[in-house]
Amino acid sequence: MTLGTMADLFMAHINPGQMHFMKLLGFNKVKVERAEGMYYYDQNGRKILDFFGGFGSLALGHNHPRILEARKRFQDENRHEIAIAFMSQYAAALAKNLATVSPGDLDMVFFGSSGSEAMEAAVKLAERAAGPDRPKIVYAVNSFHGKTKGVLSITDGELYRGQFKLVDETVRVPFGDIEAIESAFRSDRTIGAIVLETVQGGGGIIEAPEGFWTKLRALCDRYSVIMVCDEVQCGYGRTGKFYAFEHHGIVPDITALAKSLGGGKTAMAAMIAKREIYMKAYGTPKNAMIHAQATFGGIGEACITAIEALNVLYDEGLIENSAQTGAYLIERLEELKVRYPKLIKDVRGRGLMIGLEFHDFSQAMPLVVKPMIAMLDDKLKGSLPGFIGSALLRDHGVLVAFTEYNRNVIRLEPPLIATRAHVDEFIDALDGVLSKGVVRIVKDFVASQVG
């Protein structure tokens with residue numbers, strides 16, 4: 001299929017509006033022919049270093065050979081996929097493995113296909129366990145928990161919320177503000193749960209202040225509020241621990257995984273809950289089927305893929321590599337921040353979940369035009385990261401990601417197999433773009449659009 005045919009079909013049958021942004025970034029000029037390890041390979045045989053990682057979906061890189069072999073064996077043996085009438089040995093084994101790697105009493109597992117589905121299950125479980133007199137859920141400013149209608153009610157994005165009629169039993173608080181949360185708990189005893197990302201991905205790779213999570217765990221215990229940590233993006237070793245909340249020495253009542261759980265080859269998600277909470281909601285034959293797994297929840301090949309992915313994660317020491325290589329990446333980015341202080345505002349994150357925030361456009365412009373451009377900073381927000389991301393792909397074969405709420409942030413979530421050599425390759429490319437200066441970066445972008 002040619003690029004032209006792909007574009008025509010995408011415009012006709014998928015999302016014509018999205019093509020506008022793909023053209024701006026130059027993504028419409030790439031046809032990926034294959035992918036392996038840290039790289040995509042396009043129609044011209046060019047290697048593209050993947051520092052995007054599918055928003056954290058590719059912990060093992062592209063097409064890990066052990067994942068491919070496990071899936072092939074499953075297929076060659078004509079193993080069963082759908083186990084609704086019968087028990088699934090694959091789902092049972094994966095649930096046991098997830099309970100084993102999860103701390104504390106996180107023992108009960110529900111399987112789905114997406115982060116949204118896992119978080120829907122988490123919210124429904126929390127509401128059932130809290131009881132009918134405590135239906136309200138606390139969520140945070142700049143949160144992202146999914147686009148399905150239930151969790152959209154606790155996703156703090158006007159763009160995604162649109163004009164949908166959402167669940168109204170919610171309380172919005174600033175992320176990381178323990179005083180605001182305590183005030184809400186104290187004043188409204190109908191609050192039954194709080195749902196937070198342990199690290200805000202769409203918010204621009206934002207962590208709560210030191211000590212926040214231990215204080216929150218204590219507050220939830222004091223007020224009998226169910227604590228849900230969304231680990232869909234920041235979990236699975238991404239931050240240098242299996243779960244990001246493990247950095248803080250706490251265990252939530254419910255959590256959720258997705259993305260890399262599928263080993264980069266299948267759609268797999270899981271909600272993991274404390275048995276006490278789960279049994280309170282669904283523990284009798286009468287209510288056991290209220291939220292049982294859907295048809296494709298725990299499908300056979302997806303489960304064995306996730307089982308082997310966990311094996312690879314631990315066998316290859318990828319969680320430790322995430323911590324070590326991530327620290328090296330932050331160190332190299334901090335060097336660029338010193339070299340380009342008018343461009344780079346902040347470097348933050350841990351492990352291989354890192355946010356690179358740029359100044360508003362006016363701060364990077366020559367002094368003579370800065371006051372004029374400053375009036376347009378809000379409208380231009382995200383332009384500079386977009387120009388830089390476009391240049392990285394166009395001129396250096398490097399792919400990066402962006403964030404939903406703070407558009408001045410480039411999001412770096414490379415596979416956990418990344419080495420120091422891959423970091424150096426990325427830093428050399430980024431240095432090459434930034435060294436041109438903002439005027440040349442803009443000129444080159446305009447030229448690429450005209451071309």
# chains A, B, ... in the order shown; residues from 1 in each chain; ligands from 1

call {"tool": "select_by_dssp", "arguments": {"residues": "region 317-415 of chain A", "states": "helix (DSSP H, G or I)", "output": "VMD selection string"}}
result
chain A and resid 318 to 339 361 to 364 370 to 374 377 to 380 383 to 396

call {"tool": "residues_around", "arguments": {"residues": "Thr419 (chain A)", "least_positions_apart": "6", "cutoff": "10 Å", "atoms": "only C-alpha atoms", "output": "list in words"}}
result
Met38, Asn321, Ser322, Gln324, Thr325, Gly326, Tyr328, Leu329 and Glu425 of chain A

call {"tool": "select_by_dssp", "arguments": {"residues": "region 19-242 of chain A", "states": "strand (DSSP E)", "output": "ChimeraX atom specification"}}
result
/A:32-36,39-42,47-50,106-112,136-140,170-173,191-197,199-200,206-207,226-230

call {"tool": "closest_residue", "arguments": {"among": "A:Gly26, A:Pro135, A:Met268, A:Arg128", "to": "Ala288 (chain A)", "atoms": "only C-alpha atoms"}}
result
A:Arg128

call {"tool": "residues_around", "arguments": {"residues": "region 45-52 of chain A", "least_positions_apart": "4", "cutoff": "7 Å", "atoms": "only C-alpha atoms", "output": "list of chain:residue names"}}
result
A:Met38, A:Tyr39, A:Tyr40, A:Tyr41, A:Gly397, A:Val398, A:Leu399, A:Val400, A:Ala401, A:Leu412, A:Glu413, A:Pro414

call {"tool": "atom_distance", "arguments": {"atom1": "CA of Ile194 (chain A)", "atom2": "CA of Asn97 (chain A)"}}
result
26.6 Å

call {"tool": "closest_residue", "arguments": {"among": "A:Asp230, A:Ser114, A:Ala126, A:Leu219", "to": "Gly297 (chain A)", "atoms": "only C-alpha atoms"}}
result
A:Ser114

call {"tool": "residues_around", "arguments": {"residues": "Gly162 (chain A)", "least_positions_apart": "4", "cutoff": "12 Å", "atoms": "only C-alpha atoms", "output": "number ranges by chain"}}
result
A: 147, 149, 152-153, 155-158, 166

call {"tool": "residues_around", "arguments": {"residues": "Ala447 (chain A)", "least_positions_apart": "5", "cutoff": "12 Å", "atoms": "only C-alpha atoms", "output": "PyMOL selection string"}}
result
chain A and resi 24+26+387+390-391+394+440-442

call {"tool": "write_last_selection", "arguments": {"atoms": "N, CA, C and O atoms", "output": "short mmCIF file (atom, residue, chain, number, x, y, z; two decimals), in the first residue's frame"}}
result
data_model
loop_
_atom_site.label_atom_id
_atom_site.label_comp_id
_atom_site.auth_asym_id
_atom_site.auth_seq_id
_atom_site.Cartn_x
_atom_site.Cartn_y
_atom_site.Cartn_z
N LEU A 24 1.30 18.21 10.12
CA LEU A 24 2.12 19.23 10.77
C LEU A 24 3.43 18.64 11.30
O LEU A 24 4.49 19.25 11.18
N GLY A 26 4.81 15.79 10.30
CA GLY A 26 5.51 14.99 9.31
C GLY A 26 5.28 13.50 9.45
O GLY A 26 5.92 12.70 8.75
N PHE A 387 7.60 21.78 16.79
CA PHE A 387 8.65 22.02 15.79
C PHE A 387 9.87 21.14 16.08
O PHE A 387 10.48 20.59 15.15
N SER A 390 9.07 17.48 15.32
CA SER A 390 9.05 17.31 13.86
C SER A 390 10.46 17.23 13.30
O SER A 390 10.78 16.38 12.46
N ALA A 391 11.35 18.10 13.79
CA ALA A 391 12.74 18.11 13.33
C ALA A 391 13.48 16.84 13.74
O ALA A 391 14.29 16.30 12.97
N ARG A 394 12.20 14.22 11.25
CA ARG A 394 12.57 14.54 9.86
C ARG A 394 14.07 14.43 9.62
O ARG A 394 14.51 13.82 8.63
N ARG A 440 16.00 29.33 13.36
CA ARG A 440 16.29 28.32 12.33
C ARG A 440 15.34 27.12 12.46
O ARG A 440 14.91 26.55 11.44
N ILE A 441 15.01 26.74 13.68
CA ILE A 441 14.07 25.63 13.88
C ILE A 441 12.73 25.96 13.22
O ILE A 441 12.14 25.12 12.52
N VAL A 442 12.27 27.20 13.43
CA VAL A 442 10.99 27.62 12.84
C VAL A 442 11.09 27.66 11.30
O VAL A 442 10.20 27.18 10.59
#

call {"tool": "residues_around", "arguments": {"residues": "Ala273 (chain A)", "least_positions_apart": "3", "cutoff": "8 Å", "atoms": "only C-alpha atoms", "output": "number ranges by chain"}}
result
A: 105-109, 253-255, 277-278
